[in-house]
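The file query-v6.txt contains compact mmCIF, C-alpha atoms:
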```txt
# COMPACT_ATOMS: atom_id res chain seq x y z
CA MET A 926 9.31 -20.28 9.37
CA THR A 927 11.23 -18.38 6.69
CA ILE A 928 8.50 -19.24 4.20
CA THR A 929 5.90 -18.03 6.70
CA GLY A 930 7.77 -14.75 7.07
CA VAL A 931 7.95 -14.28 3.30
CA ILE A 932 4.21 -14.89 2.95
CA LEU A 933 3.51 -12.48 5.82
CA LEU A 934 5.69 -9.84 4.13
CA LEU A 935 3.84 -10.35 0.86
CA LEU A 936 0.39 -10.12 2.43
CA ASN A 937 1.27 -7.12 4.59
CA ASP A 938 2.85 -5.02 1.84
CA HIS A 939 0.37 -5.90 -0.89
CA LEU A 940 -2.83 -6.42 1.12
CA PHE A 941 -2.80 -5.02 4.66
CA LYS A 942 -0.89 -1.78 3.93
CA PRO A 943 -3.15 -0.61 1.10
CA LEU A 944 -6.29 -1.45 3.07
CA TRP A 945 -5.15 -0.26 6.51
CA PRO A 946 -2.16 2.10 6.14
CA GLY A 947 -0.69 3.14 9.47
CA LEU A 948 1.70 2.35 12.31
CA LEU A 949 0.82 -1.33 12.75
CA THR A 950 1.21 -2.41 9.13
CA GLY A 951 4.35 -0.30 8.80
CA LYS A 952 6.08 -1.99 11.75
CA LEU A 953 4.79 -5.42 10.70
CA SER A 954 6.72 -5.07 7.43
CA ASP A 955 9.90 -4.36 9.39
CA VAL A 956 9.38 -7.41 11.62
CA ALA A 957 8.64 -9.76 8.72
CA GLY A 958 11.55 -8.35 6.72
CA LEU A 959 14.01 -8.88 9.58
CA VAL A 960 12.85 -12.49 9.95
CA VAL A 961 13.31 -13.19 6.24
CA ALA A 962 16.44 -11.16 5.42
CA PRO A 963 19.08 -13.13 7.42
CA ALA A 964 18.13 -16.42 5.76
CA LEU A 965 18.30 -14.86 2.29
CA MET A 966 21.60 -13.15 3.06
CA ALA A 967 23.01 -16.45 4.35
CA LEU A 968 22.31 -17.98 0.94
CA LEU A 969 24.62 -15.35 -0.55
CA LEU A 970 27.34 -15.56 2.10
CA GLY A 971 27.50 -19.33 2.44
CA ARG A 972 26.05 -22.24 4.35
CA ARG A 973 27.84 -21.49 7.65
CA ALA A 974 27.26 -17.75 7.59
CA ASP A 975 23.98 -17.65 9.54
CA LEU A 976 25.40 -15.65 12.46
CA ALA A 977 27.25 -13.21 10.19
CA ALA A 978 24.12 -12.75 8.08
CA THR A 979 22.01 -12.01 11.14
CA VAL A 980 24.48 -9.47 12.56
CA LEU A 981 24.99 -7.82 9.18
CA THR A 982 21.23 -7.52 8.67
CA GLY A 983 20.90 -5.76 12.03
CA LEU A 984 23.75 -3.35 11.30
CA LEU A 985 22.44 -2.46 7.84
CA PHE A 986 18.89 -1.98 9.15
CA THR A 987 20.13 0.31 11.94
CA PHE A 988 22.26 2.33 9.51
CA MET A 989 19.32 2.68 7.13
CA LYS A 990 16.84 3.77 9.80
CA THR A 991 19.01 6.14 11.85
CA THR A 992 20.89 8.12 9.19
CA GLU A 993 19.84 10.06 6.13
CA THR A 994 22.84 8.61 4.28
CA GLY A 995 21.70 5.08 5.00
CA ALA A 996 18.14 5.87 3.94
CA GLU A 997 19.37 7.42 0.69
CA LEU A 998 21.60 4.43 -0.10
CA ALA A 999 18.71 2.09 0.68
CA SER A 1000 16.46 4.11 -1.60
CA GLN A 1001 18.95 3.78 -4.44
CA GLY A 1002 19.29 0.06 -3.78
CA TRP A 1003 15.53 -0.51 -3.81
CA SER A 1004 15.28 1.59 -6.97
CA LEU A 1005 17.62 -0.84 -8.73
CA VAL A 1006 15.29 -3.71 -7.78
CA ALA A 1007 11.80 -2.23 -7.89
CA GLY A 1008 12.00 1.07 -9.76
CA PRO A 1009 11.98 4.59 -8.25
CA SER A 1010 11.57 4.12 -4.49
CA ARG A 1011 12.05 6.01 -1.27
CA VAL A 1012 13.13 4.64 2.09
CA LEU A 1013 12.69 7.01 5.02
CA ALA A 1014 14.98 7.22 8.04
CA ASP A 1015 12.82 6.45 11.09
CA PRO A 1016 14.56 5.50 14.36
CA THR A 1017 11.26 4.22 15.78
CA ASP A 1018 11.52 1.30 13.34
CA LEU A 1019 14.37 -0.05 15.48
CA ILE A 1020 11.66 -1.48 17.73
CA ALA A 1021 11.53 -4.34 15.21
CA LEU A 1022 15.17 -5.42 15.85
CA PRO A 1023 14.20 -8.21 18.34
CA ALA A 1024 12.81 -10.02 15.28
CA LEU A 1025 16.44 -10.91 14.50
CA ALA A 1026 16.47 -13.10 17.61
CA LEU A 1027 13.46 -14.95 16.22
CA ALA A 1028 15.23 -15.33 12.88
CA TRP A 1029 18.33 -16.74 14.61
CA TRP A 1030 16.24 -19.16 16.71
CA VAL A 1031 14.43 -20.41 13.60
CA ARG A 1032 17.71 -21.01 11.79
CA LEU A 1033 19.04 -23.03 14.72
CA ARG A 1034 15.87 -25.11 14.91
CA SER A 1035 15.88 -25.81 11.17
CA ALA A 1036 19.62 -26.46 10.80
CA ASP A 1037 19.31 -30.25 11.12
CA THR A 1038 15.99 -30.71 9.38
CA ASP A 1039 16.39 -28.26 6.52
CA SER A 1040 16.00 -29.44 2.94
CA PRO A 1041 18.04 -26.69 1.29
CA ARG A 1042 17.21 -27.41 -2.31
CA ARG A 1043 13.45 -27.67 -1.74
CA ARG A 1044 13.33 -24.64 0.55
CA ILE A 1045 15.32 -22.52 -1.90
CA MET A 1046 12.99 -23.51 -4.75
CA VAL A 1047 9.94 -22.42 -2.77
CA THR A 1048 11.33 -19.52 -0.75
CA VAL A 1049 13.50 -17.59 -3.20
CA PRO A 1050 10.77 -16.83 -5.78
CA LEU A 1051 8.41 -15.68 -3.04
CA ALA A 1052 11.19 -13.69 -1.37
CA VAL A 1053 12.02 -11.82 -4.58
CA LEU A 1054 8.35 -10.94 -4.92
CA ALA A 1055 8.20 -9.84 -1.29
CA VAL A 1056 11.27 -7.62 -1.13
CA THR A 1057 10.32 -5.79 -4.31
CA ALA A 1058 7.06 -4.89 -2.62
CA THR A 1059 8.44 -3.04 0.35
CA ALA A 1060 9.53 0.22 -1.24
CA GLY A 1061 7.06 2.99 -1.84
CA PRO A 1062 6.93 5.11 -4.98
CA VAL A 1063 8.43 8.56 -5.14
CA PRO A 1064 5.81 11.23 -5.89
CA ALA A 1065 6.26 12.97 -9.24
CA SER A 1066 6.22 16.42 -7.63
CA ALA A 1067 5.39 18.15 -4.37
CA ALA A 1068 4.35 21.68 -3.47
CA MET A 1069 6.91 22.83 -0.91
CA SER A 1070 6.83 26.64 -0.59
CA VAL A 1071 4.48 29.62 -1.01
CA ASP A 1072 5.33 33.30 -1.29
CA VAL A 1073 3.72 36.53 -2.48
CA THR A 1074 5.81 38.75 -4.72
CA GLU A 1075 5.89 42.55 -4.54
CA SER A 1076 3.55 42.68 -7.54
CA GLY A 1077 0.96 40.55 -5.70
CA LYS A 1078 1.63 37.33 -7.58
CA ILE A 1079 1.32 34.14 -5.51
CA VAL A 1080 4.14 31.70 -6.25
CA VAL A 1081 4.03 28.03 -5.21
CA GLY A 1082 7.38 26.29 -5.60
CA THR A 1083 7.40 22.60 -6.46
CA THR A 1084 10.13 19.99 -6.31
CA GLY A 1085 10.46 16.46 -7.63
CA THR A 1086 10.94 15.09 -11.09
CA GLU A 1087 9.30 18.23 -12.50
CA GLN A 1088 10.69 21.30 -10.75
CA SER A 1089 8.73 24.44 -11.57
CA SER A 1090 6.39 27.00 -10.04
CA ARG A 1091 2.66 27.54 -10.01
CA LEU A 1092 1.66 31.19 -10.40
CA SER A 1093 -1.61 32.97 -9.59
CA ASP A 1094 -2.57 36.61 -10.19
CA ASP A 1095 -6.13 36.35 -8.82
CA GLY A 1096 -5.72 35.13 -5.26
CA GLY A 1097 -5.45 31.44 -6.03
CA THR A 1098 -8.52 31.09 -8.25
CA THR A 1099 -6.59 30.24 -11.41
CA TRP A 1100 -3.01 29.11 -11.89
CA THR A 1101 -0.39 28.86 -14.60
CA ASP A 1102 2.99 27.15 -14.85
CA GLY A 1103 6.06 29.33 -14.68
CA THR A 1104 9.62 29.72 -13.54
CA VAL A 1105 9.28 32.78 -11.32
CA ARG A 1106 11.35 32.43 -8.19
CA ALA A 1107 9.86 33.68 -4.95
CA SER A 1108 11.93 36.05 -2.83
CA ALA A 1109 14.24 34.30 -0.40
CA ARG A 1110 12.96 34.30 3.17
CA THR A 1111 13.48 32.36 6.32
CA SER A 1112 10.88 29.89 7.49
CA ILE A 1113 7.93 31.64 9.16
CA SER A 1114 5.98 29.71 11.78
CA ALA A 1115 2.77 31.70 11.20
CA GLN A 1116 1.39 34.46 8.98
CA CYS A 1117 -1.29 36.97 9.87
CA VAL A 1118 -3.76 38.69 7.58
CA PRO A 1119 -2.31 42.01 6.35
CA GLY A 1120 -4.06 44.79 8.26
CA GLN A 1121 -5.71 42.29 10.61
CA ALA A 1122 -3.06 41.17 13.07
CA THR A 1123 -5.45 39.14 15.23
CA ARG A 1124 -6.23 36.58 12.48
CA CYS A 1125 -3.27 34.29 11.79
CA TYR A 1126 -2.64 30.92 10.16
CA ARG A 1127 0.07 28.28 10.43
CA VAL A 1128 0.69 24.82 8.98
CA ARG A 1129 0.74 21.92 11.40
CA GLN A 1130 4.27 20.67 11.87
CA ASN A 1131 4.74 17.23 10.28
CA HIS A 1132 1.00 16.96 9.65
CA LEU A 1133 -1.45 17.67 6.87
CA GLY A 1134 -3.49 20.56 8.20
CA VAL A 1135 -3.77 24.26 8.98
CA ASP A 1136 -4.37 25.96 12.35
CA GLN A 1137 -6.04 29.32 12.86
CA SER A 1138 -5.68 31.92 15.61
CA ASP A 1139 -8.10 34.78 16.31
CA ASP A 1140 -6.05 36.38 19.07
CA GLY A 1141 -2.76 37.15 17.36
CA GLY A 1142 -1.23 33.70 17.85
CA ARG A 1143 -1.80 33.19 21.57
CA THR A 1144 -4.18 30.27 21.06
CA TRP A 1145 -4.77 28.06 18.04
CA ARG A 1146 -7.56 25.85 16.75
CA PRO A 1147 -7.88 23.63 13.66
CA SER A 1148 -8.98 25.55 10.58
CA TRP A 1149 -8.61 22.72 8.06
CA GLN A 1150 -7.66 19.08 8.31
CA PRO A 1151 -8.61 16.00 6.27
CA SER A 1152 -10.83 13.35 7.79
CA PRO A 1153 -9.36 9.85 8.31
CA ASP A 1154 -11.16 8.66 5.19
CA ALA A 1155 -9.87 11.67 3.24
CA ARG A 1156 -6.31 10.83 4.32
CA LEU A 1157 -6.85 7.27 3.11
CA ARG A 1158 -8.07 8.62 -0.20
CA LEU A 1159 -4.90 10.71 -0.49
CA THR A 1160 -2.60 7.78 0.25
CA ARG A 1161 -4.44 5.87 -2.47
CA LYS A 1162 -4.37 8.73 -4.93
CA TYR A 1163 -0.66 9.45 -4.65
CA GLY A 1164 0.70 6.11 -3.46
CA ALA A 1165 2.25 7.95 -0.51
CA ASP A 1166 2.94 6.74 3.00
CA GLU A 1167 1.15 8.44 5.87
CA ASN A 1168 4.31 10.28 6.94
CA MET A 1169 4.69 11.76 3.45
CA LEU A 1170 1.37 13.60 3.72
CA MET A 1171 2.02 16.99 5.28
CA SER A 1172 1.58 20.72 4.76
CA TYR A 1173 4.87 22.58 4.26
CA ASP A 1174 4.24 26.29 3.89
CA LEU A 1175 1.52 28.91 3.48
CA ALA A 1176 0.97 32.53 2.51
CA VAL A 1177 -1.86 34.94 3.36
CA GLN A 1178 -2.98 37.66 0.97
CA ALA A 1179 -5.59 40.38 1.47
CA ARG A 1180 -8.18 40.42 -1.30
CA PRO A 1181 -11.31 42.46 -2.02
CA GLY A 1182 -13.99 41.15 0.32
CA GLY A 1183 -11.61 39.38 2.69
CA HIS A 1184 -8.41 37.37 2.45
CA VAL A 1185 -7.12 34.15 0.94
CA VAL A 1186 -4.73 31.55 2.29
CA VAL A 1187 -2.64 29.40 -0.06
CA VAL A 1188 -0.98 26.29 1.37
CA ALA A 1189 1.74 24.09 -0.14
CA ASN A 1190 0.40 20.63 0.67
CA GLY A 1191 3.34 18.56 -0.49
CA VAL A 1192 2.35 15.67 -2.75
CA ASP A 1193 -1.28 16.83 -2.73
CA GLY A 1194 -0.41 20.11 -4.40
CA ILE A 1195 -2.21 23.32 -3.44
CA LEU A 1196 -4.83 24.06 -0.79
CA VAL A 1197 -6.75 27.35 -0.99
CA ARG A 1198 -9.01 29.20 1.46
CA ASP A 1199 -11.08 31.65 -0.60
CA VAL A 1200 -12.43 35.04 0.56
CA SER A 1201 -15.68 33.42 1.75
CA GLY A 1202 -13.75 31.23 4.21
CA VAL A 1203 -14.20 27.93 2.33
CA TRP A 1204 -11.20 25.60 2.15
CA ARG A 1205 -10.77 23.70 -1.10
CA ARG A 1206 -8.06 21.27 -2.13
CA LEU A 1207 -6.99 22.45 -5.55
CA GLY A 1208 -4.45 19.67 -5.87
CA TRP A 1209 -2.67 19.99 -9.21
CA SER A 1210 -5.57 21.54 -11.11
CA TYR A 1211 -5.34 25.01 -12.62
CA THR A 1212 -8.65 26.50 -11.47
CA LEU A 1213 -10.87 26.14 -8.45
CA ASP A 1214 -13.88 25.79 -10.73
CA ALA A 1215 -12.37 22.62 -12.20
CA VAL A 1216 -11.74 20.93 -8.85
CA GLN A 1217 -13.72 17.69 -8.68
CA ALA A 1218 -14.03 14.81 -6.24
CA ASP A 1219 -10.93 12.66 -5.82
CA GLU A 1220 -10.56 9.73 -8.15
CA VAL A 1221 -10.12 6.97 -5.60
CA ASP A 1222 -7.67 4.29 -6.65
CA LEU A 1223 -9.46 1.00 -5.99
CA SER A 1224 -6.71 -1.17 -7.44
CA PRO A 1225 -5.80 -2.62 -3.99
CA GLU A 1226 -9.39 -3.80 -3.49
CA ARG A 1227 -9.58 -5.04 -7.07
CA ASN A 1228 -6.36 -7.00 -6.59
CA VAL A 1229 -7.64 -8.50 -3.34
CA ALA A 1230 -10.90 -9.42 -5.05
CA LEU A 1231 -9.06 -11.17 -7.90
CA PHE A 1232 -6.75 -12.92 -5.43
CA LEU A 1233 -9.61 -14.25 -3.29
CA ALA A 1234 -11.59 -15.23 -6.40
CA ALA A 1235 -8.57 -17.23 -7.62
CA CYS A 1236 -8.27 -18.85 -4.19
CA MET A 1237 -11.96 -19.79 -4.30
CA LEU A 1238 -11.59 -21.28 -7.77
CA LEU A 1239 -8.49 -23.27 -6.84
CA GLY A 1240 -10.02 -24.32 -3.54
CA GLY A 1241 -13.11 -25.68 -5.24
CA VAL A 1242 -11.11 -27.56 -7.86
CA GLY A 1243 -8.67 -29.02 -5.36
CA ALA A 1244 -11.09 -29.79 -2.53
CA ARG A 1245 -12.03 -33.24 -3.82
CA MET A 1246 -9.18 -34.21 -6.10
CA ARG A 1247 -8.46 -37.93 -5.97
CA ARG A 1248 -4.72 -37.31 -5.72
CA TYR A 1249 -2.05 -34.60 -5.74
CA GLN A 1250 -4.07 -32.44 -3.34
CA GLY A 1251 -1.00 -31.24 -1.38
CA VAL A 1252 1.08 -30.37 -4.44
CA PHE A 1253 -1.94 -28.72 -6.07
CA ALA A 1254 -2.53 -26.59 -2.95
CA ALA A 1255 1.12 -25.48 -2.82
CA SER A 1256 1.21 -24.64 -6.54
CA GLY A 1257 -2.09 -22.78 -6.26
CA ALA A 1258 -0.87 -20.72 -3.30
CA ILE A 1259 2.34 -19.72 -5.07
CA GLY A 1260 0.47 -18.92 -8.27
CA ALA A 1261 -2.19 -16.84 -6.54
CA LEU A 1262 0.39 -14.85 -4.56
CA ALA A 1263 2.52 -14.26 -7.66
CA MET A 1264 -0.55 -13.06 -9.58
CA PHE A 1265 -1.38 -10.73 -6.70
CA VAL A 1266 2.12 -9.22 -6.73
CA ALA A 1267 2.03 -8.85 -10.52
CA LEU A 1268 -1.29 -7.02 -10.35
CA ASP A 1269 0.00 -4.84 -7.52
CA SER A 1270 3.04 -3.83 -9.59
CA GLY A 1271 0.71 -1.59 -11.56
CA THR A 1272 1.34 -0.13 -14.99
CA ASP A 1273 4.42 1.97 -14.22
CA GLU A 1274 6.60 2.14 -17.32
CA THR A 1275 9.82 2.02 -15.28
CA VAL A 1276 11.87 -0.89 -16.57
CA PHE A 1277 12.62 -2.30 -13.10
CA VAL A 1278 8.95 -2.28 -12.12
CA ASN A 1279 8.17 -4.00 -15.40
CA LEU A 1280 10.80 -6.63 -14.63
CA THR A 1281 9.13 -7.27 -11.28
CA ALA A 1282 5.76 -7.65 -13.00
CA VAL A 1283 7.24 -9.91 -15.68
CA PHE A 1284 8.92 -12.14 -13.09
CA SER A 1285 5.70 -12.31 -11.05
CA TRP A 1286 3.58 -13.17 -14.08
CA ALA A 1287 6.12 -15.84 -15.07
CA VAL A 1288 5.85 -17.46 -11.63
CA ALA A 1289 2.05 -17.20 -11.75
CA LEU A 1290 1.92 -18.73 -15.23
CA ALA A 1291 4.23 -21.60 -14.29
CA ALA A 1292 2.21 -22.32 -11.14
CA GLY A 1293 -1.03 -22.05 -13.10
CA LEU A 1294 0.18 -24.56 -15.69
CA ALA A 1295 1.24 -26.87 -12.89
CA CYS A 1296 -2.24 -26.61 -11.35
CA LEU A 1297 -3.83 -27.32 -14.72
CA VAL A 1298 -1.73 -30.47 -15.26
CA LEU A 1299 -2.32 -31.66 -11.70
CA ALA A 1300 -6.04 -31.04 -11.96
CA TRP A 1301 -6.22 -32.92 -15.26
CA ASP A 1302 -4.47 -35.96 -13.80
CA GLY A 1303 -5.85 -35.64 -10.29
CA LYS A 1304 -9.48 -35.89 -11.48
CA PRO A 1305 -11.33 -33.29 -9.37
CA HIS A 1306 -14.97 -34.02 -8.56
CA PRO A 1307 -17.34 -32.22 -10.98
CA VAL A 1308 -19.61 -30.70 -8.32
CA SER A 1309 -16.68 -29.41 -6.27
CA ALA A 1310 -14.98 -27.92 -9.33
CA LEU A 1311 -18.24 -26.37 -10.56
CA THR A 1312 -18.78 -24.83 -7.13
CA GLY A 1313 -15.38 -23.16 -7.35
CA VAL A 1314 -16.10 -21.89 -10.87
CA VAL A 1315 -19.46 -20.40 -9.86
CA ALA A 1316 -18.31 -19.01 -6.50
CA ALA A 1317 -15.15 -17.29 -7.83
CA PRO A 1318 -16.93 -14.40 -9.65
CA LEU A 1319 -19.36 -14.08 -6.74
CA VAL A 1320 -16.42 -13.66 -4.35
CA TYR A 1321 -14.92 -11.04 -6.66
CA ALA A 1322 -18.18 -9.07 -6.66
CA ALA A 1323 -18.62 -9.44 -2.90
CA VAL A 1324 -15.16 -8.00 -2.25
CA TYR A 1325 -15.03 -5.27 -4.87
CA LEU A 1326 -18.55 -3.83 -5.01
CA PRO A 1327 -18.67 -2.49 -1.41
CA PHE A 1328 -15.50 -0.48 -2.08
CA HIS A 1329 -16.85 0.71 -5.41
CA GLY A 1330 -19.84 2.00 -3.46
CA TRP A 1331 -17.53 3.63 -0.90
CA ALA A 1332 -15.76 5.50 -3.69
CA GLY A 1333 -19.16 6.94 -4.63
CA GLY A 1334 -20.15 7.76 -1.06
CA THR A 1335 -22.14 4.67 -0.01
CA PRO A 1336 -21.12 3.34 2.46
CA GLU A 1337 -19.57 6.48 3.88
CA THR A 1338 -16.49 4.97 5.52
CA HIS A 1339 -13.84 2.56 4.36
CA GLY A 1340 -14.28 0.53 7.53
CA ALA A 1341 -17.94 -0.06 6.73
CA ALA A 1342 -16.96 -1.23 3.24
CA VAL A 1343 -14.41 -3.65 4.73
CA THR A 1344 -17.03 -5.07 7.09
CA LEU A 1345 -19.62 -5.47 4.35
CA ALA A 1346 -17.11 -7.10 1.99
CA ALA A 1347 -15.99 -9.53 4.72
CA LEU A 1348 -19.57 -10.51 5.56
CA LEU A 1349 -20.60 -11.08 1.93
CA THR A 1350 -17.43 -13.01 1.14
CA GLY A 1351 -17.84 -15.12 4.27
CA LEU A 1352 -21.40 -16.05 3.31
CA ILE A 1353 -20.30 -17.11 -0.17
CA VAL A 1354 -17.39 -19.18 1.15
CA ILE A 1355 -19.60 -20.86 3.76
CA ALA A 1356 -22.22 -21.63 1.13
CA GLY A 1357 -19.58 -23.09 -1.20
CA VAL A 1358 -18.06 -25.25 1.55
CA ALA A 1359 -21.54 -26.45 2.51
CA VAL A 1360 -22.35 -27.47 -1.08
CA ILE A 1361 -19.08 -29.39 -1.38
CA ALA A 1362 -19.56 -31.08 2.01
CA ILE A 1363 -23.16 -32.11 1.26
CA ASP A 1364 -22.15 -33.54 -2.10
CA ALA A 1365 -19.25 -35.42 -0.48
CA ARG A 1366 -21.58 -37.00 2.11
CA ARG A 1367 -24.11 -37.92 -0.57
CA HIS A 1368 -21.50 -39.67 -2.70
CA SER A 1369 -20.05 -41.36 0.36
CA TYR A 1370 -23.46 -42.84 1.08
CA LEU A 1371 -24.07 -43.89 -2.56
CA ASP A 1372 -20.65 -45.54 -2.71
CA GLY A 1373 -21.55 -47.68 0.28
CA SER A 1374 -19.02 -46.15 2.67
CA SER A 1375 -21.69 -44.90 5.07
CA THR A 1376 -21.44 -46.31 8.56
CA SER A 1377 -25.23 -46.74 8.88
CA SER A 1378 -26.50 -50.33 8.94
CA PRO A 1379 -29.52 -51.56 6.98
CA THR A 1380 -32.55 -52.48 9.04
```

Could you write out this file's structure as structure tokens?
Amino acid sequence: MTITGVILLLLNDHLFKPLWPGLLTGKLSDVAGLVVAPALMALLLGRRADLAATVLTGLLFTFMKTTETGAELASQGWSLVAGPSRVLADPTDLIALPALALAWWVRLRSADTDSPRRRIMVTVPLAVLAVTATAGPVPASAAMSVDVTESGKIVVGTTGTEQSSRLSDDGGTTWTDGTVRASARTSISAQCVPGQATRCYRVRQNHLGVDQSDDGGRTWRPSWQPSPDARLRLTRKYGADENMLMSYDLAVQARPGGHVVVVANGVDGILVRDVSGVWRRLGWSYTLDAVQADEVDLSPERNVALFLAACMLLGGVGARMRRYQGVFAASGAIGALAMFVALDSGTDETVFVNLTAVFSWAVALAAGLACLVLAWDGKPHPVSALTGVVAAPLVYAAVYLPFHGWAGGTPETHGAAVTLAALLTGLIVIAGVAVIAIDARRHSYLDGSSTSSPT
């Protein structure tokens, strides 16, 4: 069960979260982590420390999720393992605590039947890969405040690894870097257009969006908000969790022909409403004229495509091996998962992230060599192996191409791309299984093992 929890944690953090970010996948990581953590902690504390490990896991999880101090310490701890990371305090995550009861029950059930050495050999490498996957990256910078100076200059303050300001003298059309500090002011819930008190704007609290009022703030309606697919694009572009996407501050400035609104959109940079009333996400560009469509990060889909293609290849090779099928399947599963984690580690130059990638590639290489030796000695059937070789690139194309089309606008939604990829991949897998099954029946008949009787 511990191994199952580790695999679930791996799949959720590296596969489900990138494809379907949201509440369900977020809580699923907490549940899987709480099932896995006590067993791993017990390995550190000692053989008879199962109860202490379970209780300590619960206390640390509660401290991390209910206090900013705990979240900060957890962030620093994850950063030592997986590079710059951020753990957010979220008391709603405590709903996952009953998973500790499941972890305790599993440990009791497996106490008499456990094979410690074998389980450690299989579980620990996967667990290291899994826990280094749970922390999200820290954005390089975020737009946090907006103000208009007495001279009419719009100043957007940024924080992060590169603290500076973005300055505009032409109502948000063009921007330059600078160090001008905006005048200190208290937080303002809404701002109205100078000389037009009935038109007001405000950022949505804890959300990415702007509301507009045409009656001086008595009633509000959405003025700008990203579509669900646009939010998904943003999480992909910045590697941010859903709760990290929010608008923080705005400023309104009267301009010839109307007014402009400049919004500090956190990790997504700057949002501008021009004098014609059109909202445009400037992001981190320097001019509205240079704003282009988002570059959608399709690395999660590419990684899934490579993972499933590897599974198809290994499945075809191992389907009709004369021996070692079980060991080959286990080695292939570990190798494919390790390759998936290594690919998902990205190209970050942080030394700890590189160490994670190096460790993952080492596990994948070792498992791959084991599969190669087993396949050489296990004598896979030529037709079955050839089917895996041919079907693997087809599976990759079936998974990746629908999302490549989605990035270009066809299909329009990510959900449609998921459906299309699943259907195409399913057809290829079914066709491959059918070819292998037909060939197996044909050889069974030729070998004289058929149950039919001659007439």

*If we count all atoms listed in the file, what is near Leu1233 in chain A at a cut-off of 10 Å, once residues fewer than 4 positions away on the same chain are taken out, given as a PyMOL selection string?*
chain A and resi 1227-1229+1237-1239+1261+1265+1317-1318+1320-1321+1324+1350

*So which residues touch range 1181-1189 of chain A within 7 Å, counting all atoms listed in the file, skipping near sequence neighbours fewer than 4 positions away, as a ChimeraX atom specification?*
/A:1068-1071,1081,1096-1097,1172-1177,1194-1200

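If you look at CA of Met1264 in chain A and CA of Arg1247 in chain A, they are 26.3 Å away from each other.
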
*What's the 10 Å shell around Tyr1249 in chain A, counting only C-alpha atoms, without same-chain residues fewer than 6 positions away, as JSON, numbers by chain?*
{"A": [1243, 1296, 1299, 1300, 1302, 1303, 1304]}

*Name all residues at most 9 Å from Leu1268 in chain A (count only C-alpha atoms; drop same-chain ones fewer than 6 positions away) and give them as a list in words.*
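Close residues of Leu1268 in chain A: Ser1224, Pro1225, Asn1228, Ala1282, Ser1285 and Trp1286 of chain A.
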
*How many Å separate CA of Arg1206 in chain A from CA of Ser1138 in chain A?*
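Taking CA of Arg1206 in chain A as the start and CA of Ser1138 in chain A as the end point, the length is 20.8 Å.
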
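The interatomic distance for the pair CA of Ala1235 in chain A and CA of Gly1257 in chain A works out to 8.6 Å.
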
*asked:* List the spatial neighbours of Thr982 in chain A as a list in words - criterion: any atom at most 9 Å away, all atoms listed in the file, same-chain residues fewer than 3 positions off excluded.
replied: Leu959, Ala962, Pro963, Met966, Ala977, Ala978, Thr979, Leu985, Phe986, Thr987 and Leu1025 of chain A

*Hey, which of A:Cys1125, A:Ala1323, A:Ala1244, A:Ala1295 ends up closest to Leu1348 in chain A? Count only C-alpha atoms.*
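Comparing A:Cys1125, A:Ala1323, A:Ala1244, A:Ala1295 against Leu1348 in chain A, the winner is A:Ala1323.
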
Student task, range 1280-1290 of chain A output with N, CA and C atoms as an mmCIF file, in the first residue's frame:
```cif
data_model
loop_
_atom_site.group_PDB
_atom_site.id
_atom_site.type_symbol
_atom_site.label_atom_id
_atom_site.label_comp_id
_atom_site.auth_asym_id
_atom_site.auth_seq_id
_atom_site.Cartn_x
_atom_site.Cartn_y
_atom_site.Cartn_z
ATOM 1 N N LEU A 1280 20.068 17.969 -9.204
ATOM 2 C CA LEU A 1280 20.317 16.728 -8.482
ATOM 3 C C LEU A 1280 19.109 15.798 -8.573
ATOM 4 N N THR A 1281 17.906 16.367 -8.478
ATOM 5 C CA THR A 1281 16.708 15.554 -8.634
ATOM 6 C C THR A 1281 16.664 14.919 -10.017
ATOM 7 N N ALA A 1282 16.960 15.732 -11.045
ATOM 8 C CA ALA A 1282 16.945 15.209 -12.408
ATOM 9 C C ALA A 1282 18.023 14.136 -12.591
ATOM 10 N N VAL A 1283 19.206 14.380 -12.035
ATOM 11 C CA VAL A 1283 20.289 13.405 -12.170
ATOM 12 C C VAL A 1283 19.916 12.092 -11.495
ATOM 13 N N PHE A 1284 19.363 12.177 -10.280
ATOM 14 C CA PHE A 1284 18.951 10.966 -9.577
ATOM 15 C C PHE A 1284 17.878 10.225 -10.367
ATOM 16 N N SER A 1285 16.909 10.968 -10.903
ATOM 17 C CA SER A 1285 15.824 10.343 -11.665
ATOM 18 C C SER A 1285 16.354 9.669 -12.919
ATOM 19 N N TRP A 1286 17.252 10.367 -13.640
ATOM 20 C CA TRP A 1286 17.817 9.759 -14.843
ATOM 21 C C TRP A 1286 18.656 8.534 -14.491
ATOM 22 N N ALA A 1287 19.334 8.560 -13.351
ATOM 23 C CA ALA A 1287 20.128 7.395 -12.937
ATOM 24 C C ALA A 1287 19.223 6.191 -12.694
ATOM 25 N N VAL A 1288 18.094 6.421 -12.004
ATOM 26 C CA VAL A 1288 17.139 5.327 -11.773
ATOM 27 C C VAL A 1288 16.577 4.832 -13.094
ATOM 28 N N ALA A 1289 16.223 5.766 -13.991
ATOM 29 C CA ALA A 1289 15.664 5.383 -15.289
ATOM 30 C C ALA A 1289 16.676 4.583 -16.104
ATOM 31 N N LEU A 1290 17.943 5.017 -16.084
ATOM 32 C CA LEU A 1290 18.976 4.308 -16.842
ATOM 33 C C LEU A 1290 19.199 2.912 -16.289
#
```
